[in-house]
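Novice: Got a structure here, written out as structure tokens. Questions coming.
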Amino acid sequence: MKRIMITGALGQIGSELVEKLRNIYGQDNVLATDIRPAQDMQGPFELLDVTDAQRMHDLAKDFGADTMMHMAALLSATAEEKPLLAWNLNMGGLVNALEASRELEMQFFTPSSIGAFGPSTPKKNTPQDTLQRPTTMYGVNKVAGELLCDYYFQKFGLDTRGVRFPGLISYVAQPGGGTTDYAVDIYYKAIEQKRYTSYIAKGTYMDMMYMPDALQSIVDLMEADPSKLEHRNAFNVTAMSFEPDEIAASIRKHIPDFQMSYDVDPIRQGIADSWPDNIDASAAEKEWGFKAAYDLDSMTADMLEKLKKKLVTV
């Protein structure tokens, strides 16, 4: 990777990915794009609706990009509220990004998700290769996207790569309509109010990852030797699996009087119930050396430290 174009650059992952890649590859070598204007972003930025195939192609060509990172998507809970919009945006944008990458011979990355699994998938230690029958529009999009990326590799030789992200936790971006967003919001409420009402039920385990690990996994996969990639797309990656009471207990090690209650949202709970409790990331570990640095307690300590500084300056 030398010249990188990112779609959805103002989203949950994209906003931090831009900064990381610019630190590694140089500010002027990373083009950030999004459908909304950037506020105070340094470095190259262009407005882009990812359903506009011609503009996407032209921006990548004019920039001289050798790598496309397609991050633009409607997330799980929002996609259930607007399923047709989710299909048009998530699939239309992906096809446009793949076509631009094929035509301009770019390396390609897009994230999949644990949402690609469904209630018939094994919930414990979910394998890399297993039954995928999601019951959400977001999940259907992700399975179709995984297959489409494999098709472009096999049919056209396009260097497509991707991971299945679990819930991602970050102190930078606000929650953006995902089912796992409670695990971000809880830290804000712990600092501001010392209490939180969880919309996910007690005992509901989901895989999670701290954003620094997620960003590093993208870089590591994209820089990996392609001859060692047996799967290439949709690698399982994870760092931890916990239920709401466990994250609350981790917070109480720093904020002893923190309290949590429950008011379960049936839509997001239904989505969570269809996902695995924990997944097997051994294929990523074997094929390109994936390894997460943060567990629940080390993530909690860093989140609270960073958020306290952030909230004081807001």
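Note on naming: chains are A, B, ... as they come in the structure tokens, residues start from 1 per chain, ligands start from 1 in the order shown.
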Can you pull out every residue from range 61-226 of chain A that DSSP, working from the backbone, puts in strand (DSSP E or B), and format the result as a list of chain:residue names?

Specialist: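 Residues of range 61-226 of chain A classed as strand (DSSP E or B): A:Thr67, A:Met68, A:Met69, A:His70, A:Gln107, A:Phe108, A:Phe109, A:Ser112, A:Ser113, A:Thr126, A:Thr160, A:Arg161, A:Val163, A:Arg164, A:Phe165, A:Gly167, A:Leu168, A:Ile169, A:Arg195, A:Tyr196, A:Thr197, A:Ser198, A:Met206, A:Asp207, A:Met208, A:Met209, A:Tyr210.
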
Novice: Select from range 218-287 of chain A every residue with an atom at most 12 Å from any atom of range 67-75 of chain A, then for each give the shortest pair of atoms and their distance in Å to one decimal, using only C-alpha atoms, rows by chain and rising number, as JSON lines.

Specialist:
```
{"residue": "A:Ile218", "atom": "CA", "partner": "A:Met69", "partner_atom": "CA", "distance": 9.6}
{"residue": "A:Val219", "atom": "CA", "partner": "A:Met69", "partner_atom": "CA", "distance": 10.9}
{"residue": "A:Met222", "atom": "CA", "partner": "A:Thr67", "partner_atom": "CA", "distance": 9.4}
{"residue": "A:Glu223", "atom": "CA", "partner": "A:Thr67", "partner_atom": "CA", "distance": 11.4}
{"residue": "A:Arg268", "atom": "CA", "partner": "A:Leu75", "partner_atom": "CA", "distance": 11.6}
{"residue": "A:Ile271", "atom": "CA", "partner": "A:Leu75", "partner_atom": "CA", "distance": 11.8}
```

Novice: Once you have the residues from the selection above, write them out as a PDB file, in the first residue's frame, restricted to C-alpha atoms.

Specialist:
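Result went into result-v8.pdb, see below:
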```
ATOM      1  CA  ILE A 218      -6.447  -4.108   8.913  1.00  0.00           C
ATOM      2  CA  VAL A 219      -2.861  -2.985   8.395  1.00  0.00           C
ATOM      3  CA  MET A 222      -3.207  -5.778   3.992  1.00  0.00           C
ATOM      4  CA  GLU A 223       0.563  -6.072   4.404  1.00  0.00           C
ATOM      5  CA  ARG A 268     -31.386  -5.147  19.118  1.00  0.00           C
ATOM      6  CA  ILE A 271     -30.114  -9.313  16.605  1.00  0.00           C
TER       7      ILE A 271
END
```

Novice: Could you pull out all residues of range 169-305 of chain A with a DSSP call of alpha helix (DSSP H) and give them as an mmCIF file with C-alpha atoms, in the first residue's frame?

Specialist:
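As written to disk, selection-v2.cif reads:
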```cif
data_model
loop_
_atom_site.group_PDB
_atom_site.id
_atom_site.type_symbol
_atom_site.label_atom_id
_atom_site.label_comp_id
_atom_site.auth_asym_id
_atom_site.auth_seq_id
_atom_site.Cartn_x
_atom_site.Cartn_y
_atom_site.Cartn_z
ATOM 1 C CA TYR A 182 -23.994 -0.415 24.325
ATOM 2 C CA ALA A 183 -20.392 -1.383 25.041
ATOM 3 C CA VAL A 184 -19.296 2.074 23.919
ATOM 4 C CA ASP A 185 -22.101 4.136 25.439
ATOM 5 C CA ILE A 186 -21.691 2.485 28.840
ATOM 6 C CA TYR A 187 -18.293 4.146 29.314
ATOM 7 C CA TYR A 188 -19.671 7.605 28.538
ATOM 8 C CA LYS A 189 -22.534 7.125 30.989
ATOM 9 C CA ALA A 190 -20.204 5.698 33.643
ATOM 10 C CA ILE A 191 -18.158 8.903 33.624
ATOM 11 C CA GLU A 192 -21.011 11.372 33.167
ATOM 12 C CA MET A 211 -10.440 -0.102 18.131
ATOM 13 C CA PRO A 212 -6.603 0.025 18.244
ATOM 14 C CA ASP A 213 -6.566 -3.752 17.744
ATOM 15 C CA ALA A 214 -9.113 -3.515 14.928
ATOM 16 C CA LEU A 215 -7.085 -0.883 13.069
ATOM 17 C CA GLN A 216 -3.873 -2.852 13.470
ATOM 18 C CA SER A 217 -5.576 -5.969 12.133
ATOM 19 C CA ILE A 218 -6.447 -4.108 8.913
ATOM 20 C CA VAL A 219 -2.861 -2.985 8.395
ATOM 21 C CA ASP A 220 -1.444 -6.417 9.229
ATOM 22 C CA LEU A 221 -3.794 -8.212 6.836
ATOM 23 C CA MET A 222 -3.207 -5.778 3.992
ATOM 24 C CA PRO A 244 -23.226 -6.576 30.190
ATOM 25 C CA ASP A 245 -22.639 -7.467 33.860
ATOM 26 C CA GLU A 246 -18.989 -8.258 33.119
ATOM 27 C CA ILE A 247 -18.245 -4.911 31.497
ATOM 28 C CA ALA A 248 -20.024 -3.215 34.417
ATOM 29 C CA ALA A 249 -17.818 -5.130 36.868
ATOM 30 C CA SER A 250 -14.724 -4.031 34.957
ATOM 31 C CA ILE A 251 -15.862 -0.396 35.164
ATOM 32 C CA ARG A 252 -16.455 -0.695 38.930
ATOM 33 C CA PRO A 266 -36.400 -6.312 21.537
ATOM 34 C CA ILE A 267 -35.024 -5.410 18.099
ATOM 35 C CA ARG A 268 -31.386 -5.147 19.118
ATOM 36 C CA GLN A 269 -31.738 -8.047 21.555
ATOM 37 C CA GLY A 270 -33.103 -10.194 18.757
ATOM 38 C CA ILE A 271 -30.114 -9.313 16.605
ATOM 39 C CA ALA A 272 -27.704 -10.073 19.460
ATOM 40 C CA ASP A 273 -29.361 -13.432 20.121
ATOM 41 C CA SER A 282 -7.256 -19.309 14.678
ATOM 42 C CA ALA A 283 -7.264 -18.961 10.871
ATOM 43 C CA ALA A 284 -6.256 -15.292 11.121
ATOM 44 C CA GLU A 285 -3.624 -16.173 13.710
ATOM 45 C CA LYS A 286 -2.165 -18.884 11.480
ATOM 46 C CA GLU A 287 -2.325 -17.173 8.093
ATOM 47 C CA TRP A 288 -1.196 -13.627 8.920
ATOM 48 C CA LEU A 296 -11.569 -6.350 28.818
ATOM 49 C CA ASP A 297 -9.785 -4.853 31.824
ATOM 50 C CA SER A 298 -6.939 -3.228 29.884
ATOM 51 C CA MET A 299 -9.465 -1.807 27.414
ATOM 52 C CA THR A 300 -11.648 -0.454 30.236
ATOM 53 C CA ALA A 301 -8.698 1.280 31.888
ATOM 54 C CA ASP A 302 -7.671 2.922 28.617
ATOM 55 C CA MET A 303 -11.231 3.851 27.617
ATOM 56 C CA LEU A 304 -11.960 5.570 30.920
ATOM 57 C CA GLU A 305 -8.646 7.411 30.906
#
```

Novice: Find the spatial neighbours of Tyr151 in chain A, counting only C-alpha atoms, within a cut-off of 12 Å - ignore same-chain residues fewer than 5 positions away - and output them as a PyMOL selection string.

Specialist: chain A and resi 95+98-99+102+144-146+156-161+232-233

Novice: Using the selection just defined, write its residues with N, CA and C atoms as a CSV table (one decimal), in the first residue's frame.

Specialist:
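Contents of the output file again17.csv:
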```csv
chain,number,residue,atom,x,y,z
A,95,VAL,N,-20.4,-3.1,-4.7
A,95,VAL,CA,-20.1,-3.4,-6.1
A,95,VAL,C,-19.4,-2.3,-6.8
A,98,LEU,N,-15.7,-2.4,-5.7
A,98,LEU,CA,-15.0,-3.6,-6.3
A,98,LEU,C,-14.8,-3.3,-7.8
A,99,GLU,N,-15.7,-2.7,-8.5
A,99,GLU,CA,-15.5,-2.5,-9.9
A,99,GLU,C,-14.4,-1.4,-10.1
A,102,ARG,N,-11.2,-3.2,-9.6
A,102,ARG,CA,-10.9,-4.1,-10.7
A,102,ARG,C,-10.3,-3.3,-11.9
A,144,ALA,N,-23.5,-11.7,1.5
A,144,ALA,CA,-23.4,-11.5,0.1
A,144,ALA,C,-22.1,-10.8,-0.3
A,145,GLY,N,-21.6,-9.9,0.6
A,145,GLY,CA,-20.4,-9.1,0.4
A,145,GLY,C,-19.2,-10.1,0.5
A,146,GLU,N,-19.2,-11.0,1.4
A,146,GLU,CA,-18.1,-11.9,1.5
A,146,GLU,C,-18.0,-12.8,0.2
A,156,PHE,N,-11.5,-12.4,-11.3
A,156,PHE,CA,-10.7,-11.4,-11.9
A,156,PHE,C,-9.3,-11.3,-11.4
A,157,GLY,N,-9.0,-12.0,-10.3
A,157,GLY,CA,-7.7,-11.9,-9.7
A,157,GLY,C,-7.5,-10.7,-8.9
A,158,LEU,N,-8.6,-10.0,-8.5
A,158,LEU,CA,-8.5,-8.8,-7.7
A,158,LEU,C,-8.0,-9.2,-6.3
A,159,ASP,N,-7.1,-8.5,-5.8
A,159,ASP,CA,-6.5,-8.8,-4.4
A,159,ASP,C,-7.4,-8.3,-3.3
A,160,THR,N,-8.5,-9.0,-3.1
A,160,THR,CA,-9.5,-8.7,-2.1
A,160,THR,C,-9.1,-9.3,-0.7
A,161,ARG,N,-9.3,-8.5,0.3
A,161,ARG,CA,-9.0,-9.0,1.7
A,161,ARG,C,-10.1,-8.4,2.6
A,232,ARG,N,-8.3,-15.5,2.7
A,232,ARG,CA,-8.2,-14.1,2.0
A,232,ARG,C,-9.3,-13.2,2.5
A,233,ASN,N,-10.6,-13.5,2.4
A,233,ASN,CA,-11.7,-12.7,2.9
A,233,ASN,C,-12.4,-13.2,4.1
```

Novice: What is the distance, in Å and to one decimal place, between CA of Gly162 in chain A and CA of Lys142 in chain A?

Specialist: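 It comes out at 11.1 Å.
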
Novice: Quick check, in Å to one decimal: how far apart do CA of Lys61 in chain A and CA of Met1 in chain A lie?

Specialist: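 Spanning CA of Lys61 in chain A to CA of Met1 in chain A is a straight-line distance of 15.2 Å.
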
Novice: Looking at only C-alpha atoms, which of A:Val163, A:Ile200, A:Val172, A:Ala79 is the one that sits closest to Tyr138 in chain A?

Specialist: A:Ala79

Novice: Can you work out which one of A:Val143, A:Ala32, A:Ala234, A:Ala201 has the shortest atom-to-atom distance to Asp265 in chain A, counting only C-alpha atoms?

Specialist: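 Result for the nearest residue to Asp265 in chain A: A:Ala201.
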
Novice: Which residue out of A:Asn29, A:Gln107, A:Ser170, A:Thr78 has the minimum interatomic distance to Asp66 in chain A when only C-alpha atoms are used?

Specialist: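 Ranking A:Asn29, A:Gln107, A:Ser170, A:Thr78 by distance to Asp66 in chain A, first place goes to A:Gln107.
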
Novice: Within 10 Å of Leu31 in chain A, counting only C-alpha atoms, which residues qualify if same-chain residues fewer than 2 places away don't, as an mmCIF file with C-alpha atoms, in the first residue's frame?

Specialist:
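The result, written out as result20.cif:
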```cif
data_model
loop_
_atom_site.group_PDB
_atom_site.id
_atom_site.type_symbol
_atom_site.label_atom_id
_atom_site.label_comp_id
_atom_site.auth_asym_id
_atom_site.auth_seq_id
_atom_site.Cartn_x
_atom_site.Cartn_y
_atom_site.Cartn_z
ATOM 1 C CA ARG A 3 -1.736 5.493 -2.083
ATOM 2 C CA ILE A 4 -4.956 4.622 -0.255
ATOM 3 C CA MET A 5 -8.542 5.765 -0.816
ATOM 4 C CA ILE A 6 -11.051 5.255 2.008
ATOM 5 C CA THR A 7 -14.830 5.437 1.678
ATOM 6 C CA ALA A 9 -14.010 7.938 6.232
ATOM 7 C CA VAL A 18 -7.610 7.581 8.244
ATOM 8 C CA ARG A 22 -1.700 8.729 7.495
ATOM 9 C CA GLN A 27 -0.835 12.384 5.218
ATOM 10 C CA ASP A 28 -0.931 13.138 1.491
ATOM 11 C CA ASN A 29 -1.065 9.446 0.555
ATOM 12 C CA THR A 33 -14.081 10.354 1.324
ATOM 13 C CA GLY A 43 -5.139 16.047 4.490
ATOM 14 C CA PRO A 44 -6.918 15.084 1.263
ATOM 15 C CA PHE A 45 -10.723 14.823 1.508
ATOM 16 C CA GLU A 46 -13.484 14.569 -1.098
ATOM 17 C CA LEU A 59 -11.606 10.056 -7.540
ATOM 18 C CA ALA A 60 -9.517 6.883 -7.225
ATOM 19 C CA PHE A 63 -5.632 10.330 -6.772
ATOM 20 C CA GLY A 64 -3.536 7.517 -8.205
ATOM 21 C CA ALA A 65 -4.763 5.095 -5.555
ATOM 22 C CA MET A 68 -9.278 0.891 -1.903
#
```

Novice: Hey, what's within 12 Å of Gln132 in chain A if we count only C-alpha atoms and toss same-chain stuff fewer than 4 positions away? As a list in words, please?

Specialist: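 So, after excluding close chain neighbours, the residues are Ser113, Ile114, Gly115, Ala116, Phe117, Gly118, Pro119, Ser120, Thr121, Pro122, Lys123, Thr126, Pro127, Gln128, Thr136, Gly139, Val140, Asn141, Lys142, Val143, Ala144, Glu146, Leu147, Ser274, Trp275 and Pro276 of chain A.
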
Novice: With only C-alpha atoms as the atoms that count, which of A:Tyr199, A:Tyr205, A:Tyr294, A:Tyr210 lies nearest to Val264 in chain A?

Specialist: A:Tyr199

Novice: Find the residue from A:Gln259, A:Thr51, A:Asn23, A:Asn90 that sits nearest to Ile35 in chain A; use only C-alpha atoms when measuring.

Specialist: A:Thr51
